[in-house]
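Report on the following structure.
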Amino acid sequence: MALVLAPTMGLAAPHMMVVAANKLAAEAGLDVLRQGGTAVDAAVAVQAVLGLVEPQASGVGGGALMVTYDAASRKITTYDGRESAPATAGPDLFLRADGTPKSFYEAAMGGRSVGVPGAIAMLEMAQHAQGKLRWAALFDPAIRLADTGFPLTERVAKMIAFEAPRIARNPALQAYLMPNGLPAPGTIVKNAAYAATLREIAAHGAAGLLGGKIAADIVASVQHDVNPGLLTEADLAGYKPLIRPPICATYRADTVCTAPPPSAGGIAVLQTLGMLAHFPLPTLAPSGPDAAMLILEAERLAMADRDAFGADADFVPVPVKGLLDPAYIAARAKLIDPSHAMTSVKPGAPEGAVPAAGKQGPEHGTSDVAIVDANGNAVSLTTTVEYEFGSHIFVDGFVLNNELTDFALAPTQFGKPVANRVQGGKRPRSSMAPSLVLGHDGKLIAVVGSAGGGRIPGYIIQAIVGALDWHMSPDQALAQGHIGSSGARTNLEEGTDAAKLLPALQARGEPVTLDMMGSGSSMILVTQTGLQGAPDPRRDGAAVGE
């Protein structure tokens, strides 16, 4: 059954839509759809442009997770393009000589943190299976923009200013981003080296990036950095994107499907929604303290499980079935008291769990894309270089990720092995959770995802609850003042209506503080009258369609 929504200030379109974090990228995707391309075709074009216009967030030097919907078969497919660790990397990768873990910035800046980029290989796999247009043609918009120039957005200019001291550690990155000091918004930027890289990828597929001269350049830049890494050309050549079965769970009358491990964000989304289903959330005021208490307490429980068990299930046991078991989730929901916060939150004991421990550092450099094509096929894509401008290594026109710092920096905690410890070939745990929502008949009703690091699950939960429980349009759902817990922190978004909840929540014992909560969500809803979509109002994004 299609959704019936409140009037929207976002975009309404009858046939097709692209939502992305930059208008130039969204328009490139829409042009592909106009040519008869599929949602996956459009995703390739969008990613190519995003890597140019917002290099702090994603690109060919990073990784991605993607969930697709085939309207004809109603089949959902999950593609894993997460970066992987070099074969020779071990649990001591980020330990100092005295055995203590390095700080985040010690570990993240430079070659030590660079994993094998997987986004392009993943998109190539998906486009081969679900695309219609020529692979090479999908890169034309990004190549034109790189050659002729594009205006720097205010957001990216601010990111450059914030990261300037760390950008200066890499002469190539400094020469590109700050050739004459800090750039002003609107500065026209060209990137001939990126255009050349895209031409190689257009001609040779992922092999143009993970083999040949570009691969050699990547390895040289990593191994010769002042903080050298272990990446080899064999690591690049041996990378394989994967197709994994999605994880799905019911939420009231609908079904939410998202990415499985190495995403721990997807499990957290489904767990939280499962707990919330035990409470009358639709009857509560969306901006009131009662609803906020339920959401925050459920997220605190889900994030405790995320920290303990989340990892690459190809390397360590991840009790996905136990974590999503309805009886287990019901038991966790019983721990929630809407009138008083839990004083401490511990992971549960789901079936199949192996004792483990560990948290991870901050995640920032991420972008999100939502697409529905003219045939009703859909893509939810979350793509990342991890921190802002990744490792701050710039090679052949793009930045390299620092994704290995999404592993736990310390391999043990409390005398137990950390599930998310570094291992050769392993993919680091991710909070990314690109998601699709299906009605009871299996038809698509929502495409949603977000940037935002460890807070990604909370942003997606608010968007889904806003649309399904409170009948908000996409722009309304994404404009809500953020509330959320990333496990380590429980926050309200300062400067929004959510901040007004602080006294009431603290009176109930909730360990909540005010903070900036810079998300980056995308949402498209399939309604009785067509598509409605919106980007996160906190970024430079756009929804385009027709």
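By order of appearance in the structure tokens: chains A, B, ..., then residues from 1 within every chain, and ligands from 1 in the order shown.
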Just list as a PyMOL selection string whatever in range 111-199 of chain A DSSP marks as strand (DSSP E or B). chain A and resi 116+150-151+179+181+188-189
Residues of range 72-118 of chain A at most 10 Å from range 410-420 of chain A: nearest atom pair and distance in Å, only C-alpha atoms, as a Markdown table:
```
| residue | atom | partner | partner_atom | distance |
| --- | --- | --- | --- | --- |
| A:Gly90 | CA | A:Pro411 | CA | 9.2 |
| A:Pro91 | CA | A:Pro411 | CA | 5.4 |
| A:Asp92 | CA | A:Pro411 | CA | 7.1 |
| A:Leu93 | CA | A:Ala410 | CA | 9.0 |
| A:Phe94 | CA | A:Ala410 | CA | 7.2 |
| A:Leu95 | CA | A:Ala410 | CA | 7.0 |
| A:Gly99 | CA | A:Ala410 | CA | 9.0 |
| A:Thr100 | CA | A:Ala410 | CA | 7.6 |
| A:Pro101 | CA | A:Ala410 | CA | 5.4 |
| A:Lys102 | CA | A:Ala410 | CA | 8.4 |
```
Spatial neighbours of Leu273 in chain A, 10 Å, only C-alpha atoms, chain gap at least 2 places, as an NGL selection string: :A and (249-252 or 256 or 267-271 or 275-278 or 295 or 298-299 or 302 or 329 or 461-462 or 464-465)
Give me a file of those residues, with N, CA and C atoms, as a CSV table (one decimal), in the first residue's frame.
```
chain,number,residue,atom,x,y,z
A,249,ALA,N,13.6,-7.0,8.7
A,249,ALA,CA,12.8,-7.2,9.8
A,249,ALA,C,11.5,-6.3,9.7
A,250,THR,N,10.5,-6.8,10.2
A,250,THR,CA,9.2,-6.1,10.2
A,250,THR,C,9.2,-4.9,11.2
A,251,TYR,N,8.6,-3.8,10.8
A,251,TYR,CA,8.3,-2.7,11.7
A,251,TYR,C,6.9,-2.3,11.5
A,252,ARG,N,6.1,-2.7,12.5
A,252,ARG,CA,4.6,-2.6,12.4
A,252,ARG,C,4.1,-3.3,11.2
A,256,VAL,N,11.6,-3.5,6.8
A,256,VAL,CA,12.8,-2.7,6.6
A,256,VAL,C,14.0,-3.6,6.2
A,267,ILE,N,22.2,-3.6,11.6
A,267,ILE,CA,21.6,-4.4,12.7
A,267,ILE,C,21.1,-3.4,13.8
A,268,ALA,N,21.8,-2.3,14.0
A,268,ALA,CA,21.3,-1.3,15.0
A,268,ALA,C,20.0,-0.7,14.6
A,269,VAL,N,19.8,-0.4,13.3
A,269,VAL,CA,18.6,0.1,12.9
A,269,VAL,C,17.4,-0.8,13.1
A,270,LEU,N,17.6,-2.1,12.7
A,270,LEU,CA,16.5,-3.1,12.8
A,270,LEU,C,16.3,-3.4,14.3
A,271,GLN,N,17.3,-3.5,15.1
A,271,GLN,CA,17.1,-3.7,16.6
A,271,GLN,C,16.3,-2.6,17.2
A,275,MET,N,12.5,-2.8,18.9
A,275,MET,CA,12.2,-2.4,20.3
A,275,MET,C,11.1,-1.4,20.3
A,276,LEU,N,11.2,-0.4,19.4
A,276,LEU,CA,10.2,0.7,19.4
A,276,LEU,C,8.8,0.1,19.0
A,277,ALA,N,8.7,-1.0,18.3
A,277,ALA,CA,7.5,-1.6,17.9
A,277,ALA,C,6.7,-2.1,19.1
A,278,HIS,N,7.3,-2.2,20.3
A,278,HIS,CA,6.6,-2.6,21.5
A,278,HIS,C,6.0,-1.5,22.2
A,295,ILE,N,13.1,6.4,22.0
A,295,ILE,CA,14.0,6.3,20.9
A,295,ILE,C,15.5,6.2,21.5
A,298,ALA,N,16.1,2.9,23.4
A,298,ALA,CA,16.3,1.7,22.4
A,298,ALA,C,17.6,1.8,21.7
A,299,GLU,N,18.0,3.0,21.3
A,299,GLU,CA,19.3,3.2,20.6
A,299,GLU,C,20.5,2.8,21.5
A,302,ALA,N,20.8,-0.9,21.5
A,302,ALA,CA,21.2,-1.4,20.2
A,302,ALA,C,22.7,-1.1,20.0
A,329,ILE,N,14.8,-9.3,21.0
A,329,ILE,CA,14.5,-7.9,20.9
A,329,ILE,C,13.4,-7.5,21.9
A,461,ILE,N,16.7,6.0,11.7
A,461,ILE,CA,15.6,5.6,12.6
A,461,ILE,C,14.6,6.8,12.7
A,462,GLN,N,15.2,8.0,12.9
A,462,GLN,CA,14.3,9.2,13.0
A,462,GLN,C,13.5,9.4,11.7
A,464,ILE,N,12.7,7.1,9.4
A,464,ILE,CA,11.7,6.0,9.2
A,464,ILE,C,10.5,6.2,10.1
A,465,VAL,N,10.8,6.5,11.4
A,465,VAL,CA,9.7,6.7,12.3
A,465,VAL,C,8.9,7.9,11.9
```
Considering only C-alpha atoms, return as a ChimeraX atom specification whatever protein or nucleic-acid residues lie within 6 Å of Leu525 in chain A, sequence-local ones (same chain, fewer than 5 positions apart) excluded. /A:445-446,531-532
Exercise: Gln423 in chain A partners within 8 Å, only C-alpha atoms, chain neighbours under 2 positions left out, as a ChimeraX atom specification: /A:85,87,89-91,421,425-426
Residues from last step as file, all heavy atoms, as a PDB file, in the first residue's frame:
```pdb
ATOM      1  N   ALA A  85      41.508  -4.642   4.621  1.00  0.00           N
ATOM      2  CA  ALA A  85      42.852  -4.438   5.157  1.00  0.00           C
ATOM      3  C   ALA A  85      43.887  -5.148   4.290  1.00  0.00           C
ATOM      4  O   ALA A  85      43.600  -6.191   3.689  1.00  0.00           O
ATOM      5  CB  ALA A  85      42.930  -4.970   6.585  1.00  0.00           C
ATOM      6  N   ALA A  87      46.828  -7.630   3.257  1.00  0.00           N
ATOM      7  CA  ALA A  87      46.975  -9.029   3.673  1.00  0.00           C
ATOM      8  C   ALA A  87      47.925  -9.179   4.855  1.00  0.00           C
ATOM      9  O   ALA A  87      47.756 -10.084   5.683  1.00  0.00           O
ATOM     10  CB  ALA A  87      47.464  -9.872   2.496  1.00  0.00           C
ATOM     11  N   ALA A  89      48.410  -7.007   7.285  1.00  0.00           N
ATOM     12  CA  ALA A  89      48.019  -6.237   8.471  1.00  0.00           C
ATOM     13  C   ALA A  89      47.605  -7.181   9.595  1.00  0.00           C
ATOM     14  O   ALA A  89      46.974  -8.215   9.360  1.00  0.00           O
ATOM     15  CB  ALA A  89      46.873  -5.289   8.141  1.00  0.00           C
ATOM     16  N   GLY A  90      47.956  -6.816  10.816  1.00  0.00           N
ATOM     17  CA  GLY A  90      47.593  -7.621  11.971  1.00  0.00           C
ATOM     18  C   GLY A  90      47.041  -6.781  13.093  1.00  0.00           C
ATOM     19  O   GLY A  90      46.950  -5.547  12.982  1.00  0.00           O
ATOM     20  N   PRO A  91      46.669  -7.405  14.188  1.00  0.00           N
ATOM     21  CA  PRO A  91      46.049  -6.685  15.304  1.00  0.00           C
ATOM     22  C   PRO A  91      46.912  -5.574  15.896  1.00  0.00           C
ATOM     23  O   PRO A  91      46.392  -4.685  16.573  1.00  0.00           O
ATOM     24  CB  PRO A  91      45.810  -7.793  16.339  1.00  0.00           C
ATOM     25  CG  PRO A  91      45.718  -9.053  15.535  1.00  0.00           C
ATOM     26  CD  PRO A  91      46.689  -8.870  14.416  1.00  0.00           C
ATOM     27  N   ARG A 421      38.743  -6.213  15.590  1.00  0.00           N
ATOM     28  CA  ARG A 421      40.188  -5.998  15.561  1.00  0.00           C
ATOM     29  C   ARG A 421      40.708  -6.118  14.126  1.00  0.00           C
ATOM     30  O   ARG A 421      40.057  -6.708  13.252  1.00  0.00           O
ATOM     31  CB  ARG A 421      40.893  -7.014  16.456  1.00  0.00           C
ATOM     32  CG  ARG A 421      40.725  -8.469  16.025  1.00  0.00           C
ATOM     33  CD  ARG A 421      41.210  -9.430  17.096  1.00  0.00           C
ATOM     34  NE  ARG A 421      41.048 -10.833  16.709  1.00  0.00           N
ATOM     35  CZ  ARG A 421      39.920 -11.525  16.865  1.00  0.00           C
ATOM     36  NH1 ARG A 421      38.846 -10.940  17.375  1.00  0.00           N
ATOM     37  NH2 ARG A 421      39.876 -12.795  16.515  1.00  0.00           N
ATOM     38  N   GLY A 425      43.039  -8.750   5.246  1.00  0.00           N
ATOM     39  CA  GLY A 425      41.931  -9.032   4.335  1.00  0.00           C
ATOM     40  C   GLY A 425      40.554  -8.742   4.897  1.00  0.00           C
ATOM     41  O   GLY A 425      39.552  -8.824   4.171  1.00  0.00           O
ATOM     42  N   LYS A 426      40.477  -8.415   6.159  1.00  0.00           N
ATOM     43  CA  LYS A 426      39.189  -8.172   6.832  1.00  0.00           C
ATOM     44  C   LYS A 426      38.634  -6.800   6.455  1.00  0.00           C
ATOM     45  O   LYS A 426      39.390  -5.867   6.146  1.00  0.00           O
ATOM     46  CB  LYS A 426      39.416  -8.266   8.345  1.00  0.00           C
ATOM     47  CG  LYS A 426      38.174  -8.247   9.214  1.00  0.00           C
ATOM     48  CD  LYS A 426      38.599  -8.421  10.675  1.00  0.00           C
ATOM     49  CE  LYS A 426      37.444  -8.440  11.647  1.00  0.00           C
ATOM     50  NZ  LYS A 426      37.923  -8.615  13.046  1.00  0.00           N
TER      51      LYS A 426
END
```
Residues within 8 Å of range 514-523 of chain A, only C-alpha atoms, excluding chain neighbours under 4 positions, as a VMD selection string: chain A and resid 19 to 21 367 to 370 446 to 452 455 to 456 459 to 460 463 474 478 482 491 to 494 499 502 533 to 536 538 to 539
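Residue nearest Val399 in chain A within the list A:Tyr105, A:Phe309, A:Trp470, A:Tyr387: A:Tyr387 [criterion: smallest interatomic distance, only C-alpha atoms].
In this structure, CA of Gly390 in chain A sits 10.2 Å away from CA of Thr405 in chain A.
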When you look at Ser84 in chain A with a cut-off of 9 Å (counting only C-alpha atoms), what residues show up, excluding the ones that are within fewer than 4 positions of it in the same chain? I need them as a ChimeraX atom specification. /A:114-118,235,239,403-404,424-428
Residues of the last selection are to be written out with all heavy atoms, as an mmCIF file, in the first residue's frame.
```
data_model
loop_
_atom_site.group_PDB
_atom_site.id
_atom_site.type_symbol
_atom_site.label_atom_id
_atom_site.label_comp_id
_atom_site.auth_asym_id
_atom_site.auth_seq_id
_atom_site.Cartn_x
_atom_site.Cartn_y
_atom_site.Cartn_z
ATOM 1 N N VAL A 114 45.185 3.335 5.263
ATOM 2 C CA VAL A 114 44.542 3.186 3.951
ATOM 3 C C VAL A 114 44.193 1.722 3.686
ATOM 4 O O VAL A 114 45.058 0.841 3.708
ATOM 5 C CB VAL A 114 45.450 3.721 2.830
ATOM 6 C CG1 VAL A 114 44.781 3.507 1.460
ATOM 7 C CG2 VAL A 114 45.743 5.204 3.045
ATOM 8 N N GLY A 115 42.921 1.477 3.415
ATOM 9 C CA GLY A 115 42.460 0.157 2.995
ATOM 10 C C GLY A 115 42.262 0.109 1.490
ATOM 11 O O GLY A 115 42.261 1.145 0.805
ATOM 12 N N VAL A 116 42.069 -1.079 0.954
ATOM 13 C CA VAL A 116 41.846 -1.232 -0.485
ATOM 14 C C VAL A 116 40.518 -0.568 -0.858
ATOM 15 O O VAL A 116 39.473 -0.939 -0.325
ATOM 16 C CB VAL A 116 41.804 -2.716 -0.885
ATOM 17 C CG1 VAL A 116 41.591 -2.849 -2.395
ATOM 18 C CG2 VAL A 116 43.082 -3.428 -0.457
ATOM 19 N N PRO A 117 40.523 0.402 -1.769
ATOM 20 C CA PRO A 117 39.262 1.059 -2.149
ATOM 21 C C PRO A 117 38.314 0.075 -2.834
ATOM 22 O O PRO A 117 38.723 -0.665 -3.730
ATOM 23 C CB PRO A 117 39.705 2.158 -3.116
ATOM 24 C CG PRO A 117 41.181 2.311 -2.918
ATOM 25 C CD PRO A 117 41.673 0.964 -2.485
ATOM 26 N N GLY A 118 37.036 0.080 -2.440
ATOM 27 C CA GLY A 118 36.107 -0.895 -2.991
ATOM 28 C C GLY A 118 34.909 -0.335 -3.724
ATOM 29 O O GLY A 118 34.159 -1.088 -4.353
ATOM 30 N N ASP A 235 47.389 -6.541 -3.026
ATOM 31 C CA ASP A 235 46.160 -6.270 -2.262
ATOM 32 C C ASP A 235 45.110 -5.625 -3.155
ATOM 33 O O ASP A 235 43.926 -5.993 -3.115
ATOM 34 C CB ASP A 235 46.457 -5.341 -1.089
ATOM 35 C CG ASP A 235 47.290 -5.990 -0.002
ATOM 36 O OD1 ASP A 235 47.084 -7.180 0.284
ATOM 37 O OD2 ASP A 235 48.142 -5.290 0.581
ATOM 38 N N TYR A 239 41.307 -7.492 -4.734
ATOM 39 C CA TYR A 239 40.048 -7.083 -4.081
ATOM 40 C C TYR A 239 38.833 -7.619 -4.833
ATOM 41 O O TYR A 239 38.774 -7.578 -6.060
ATOM 42 C CB TYR A 239 39.950 -5.561 -4.002
ATOM 43 C CG TYR A 239 38.682 -5.119 -3.314
ATOM 44 C CD1 TYR A 239 38.621 -5.050 -1.931
ATOM 45 C CD2 TYR A 239 37.526 -4.815 -4.041
ATOM 46 C CE1 TYR A 239 37.452 -4.676 -1.287
ATOM 47 C CE2 TYR A 239 36.352 -4.443 -3.403
ATOM 48 C CZ TYR A 239 36.323 -4.380 -2.027
ATOM 49 O OH TYR A 239 35.156 -4.024 -1.388
ATOM 50 N N GLU A 403 40.148 4.191 6.053
ATOM 51 C CA GLU A 403 39.107 3.290 6.556
ATOM 52 C C GLU A 403 39.595 2.306 7.599
ATOM 53 O O GLU A 403 38.799 1.786 8.394
ATOM 54 C CB GLU A 403 38.488 2.528 5.384
ATOM 55 C CG GLU A 403 37.040 2.211 5.576
ATOM 56 C CD GLU A 403 36.183 3.461 5.631
ATOM 57 O OE1 GLU A 403 36.134 4.198 4.641
ATOM 58 O OE2 GLU A 403 35.558 3.687 6.681
ATOM 59 N N LEU A 404 40.885 2.030 7.651
ATOM 60 C CA LEU A 404 41.354 1.034 8.609
ATOM 61 C C LEU A 404 41.200 1.511 10.048
ATOM 62 O O LEU A 404 41.210 0.683 10.971
ATOM 63 C CB LEU A 404 42.814 0.652 8.322
ATOM 64 C CG LEU A 404 43.084 0.063 6.926
ATOM 65 C CD1 LEU A 404 44.518 -0.438 6.834
ATOM 66 C CD2 LEU A 404 42.104 -1.052 6.583
ATOM 67 N N GLY A 424 44.306 -9.292 8.473
ATOM 68 C CA GLY A 424 44.596 -9.179 7.057
ATOM 69 C C GLY A 424 43.421 -9.596 6.186
ATOM 70 O O GLY A 424 42.861 -10.676 6.366
ATOM 71 N N GLY A 425 43.039 -8.750 5.246
ATOM 72 C CA GLY A 425 41.931 -9.032 4.335
ATOM 73 C C GLY A 425 40.554 -8.742 4.897
ATOM 74 O O GLY A 425 39.552 -8.824 4.171
ATOM 75 N N LYS A 426 40.477 -8.415 6.159
ATOM 76 C CA LYS A 426 39.189 -8.172 6.832
ATOM 77 C C LYS A 426 38.634 -6.800 6.455
ATOM 78 O O LYS A 426 39.390 -5.867 6.146
ATOM 79 C CB LYS A 426 39.416 -8.266 8.345
ATOM 80 C CG LYS A 426 38.174 -8.247 9.214
ATOM 81 C CD LYS A 426 38.599 -8.421 10.675
ATOM 82 C CE LYS A 426 37.444 -8.440 11.647
ATOM 83 N NZ LYS A 426 37.923 -8.615 13.046
ATOM 84 N N ARG A 427 37.326 -6.675 6.514
ATOM 85 C CA ARG A 427 36.666 -5.392 6.249
ATOM 86 C C ARG A 427 36.248 -4.781 7.586
ATOM 87 O O ARG A 427 35.656 -5.465 8.426
ATOM 88 C CB ARG A 427 35.453 -5.602 5.329
ATOM 89 C CG ARG A 427 35.897 -6.218 4.012
ATOM 90 C CD ARG A 427 34.787 -6.482 3.021
ATOM 91 N NE ARG A 427 35.339 -7.252 1.906
ATOM 92 C CZ ARG A 427 34.958 -7.159 0.642
ATOM 93 N NH1 ARG A 427 33.988 -6.327 0.306
ATOM 94 N NH2 ARG A 427 35.539 -7.883 -0.297
ATOM 95 N N PRO A 428 36.554 -3.508 7.801
ATOM 96 C CA PRO A 428 36.238 -2.898 9.089
ATOM 97 C C PRO A 428 34.737 -2.708 9.278
ATOM 98 O O PRO A 428 33.994 -2.542 8.312
ATOM 99 C CB PRO A 428 36.956 -1.552 9.040
ATOM 100 C CG PRO A 428 37.105 -1.256 7.581
ATOM 101 C CD PRO A 428 37.249 -2.587 6.895
#
```
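Among A:Lys500, A:Glu386, A:Ser431, A:Gly541, the residue with the shortest atom-to-atom distance to Ser58 in chain A, counting only C-alpha atoms, is A:Glu386.
Relative to CA of Ala161 in chain A, CA of Arg112 in chain A is found at 24.1 Å.
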Pick from A:Glu510, A:Asp80, A:Asp254, A:Asp290, whichever lies nearest to Leu438 in chain A using only C-alpha atoms: A:Asp254
Go ahead and compute the interatomic distance for CA of Leu468 in chain A and CA of Asp305 in chain A, in Å to one decimal. 25.1 Å
List every residue of range 207-376 of chain A that DSSP, applied to the backbone, labels as helix (DSSP H, G or I), and write the result as number ranges by chain. A: 207-210, 212-223, 233-237, 265-276, 281-283, 289-309, 320-324, 326-333
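Proximity of A:Ile76, A:Ala353, A:Ala507, A:Ala195 to Asp396 in chain A, computed with only C-alpha atoms, is greatest for A:Ala195.
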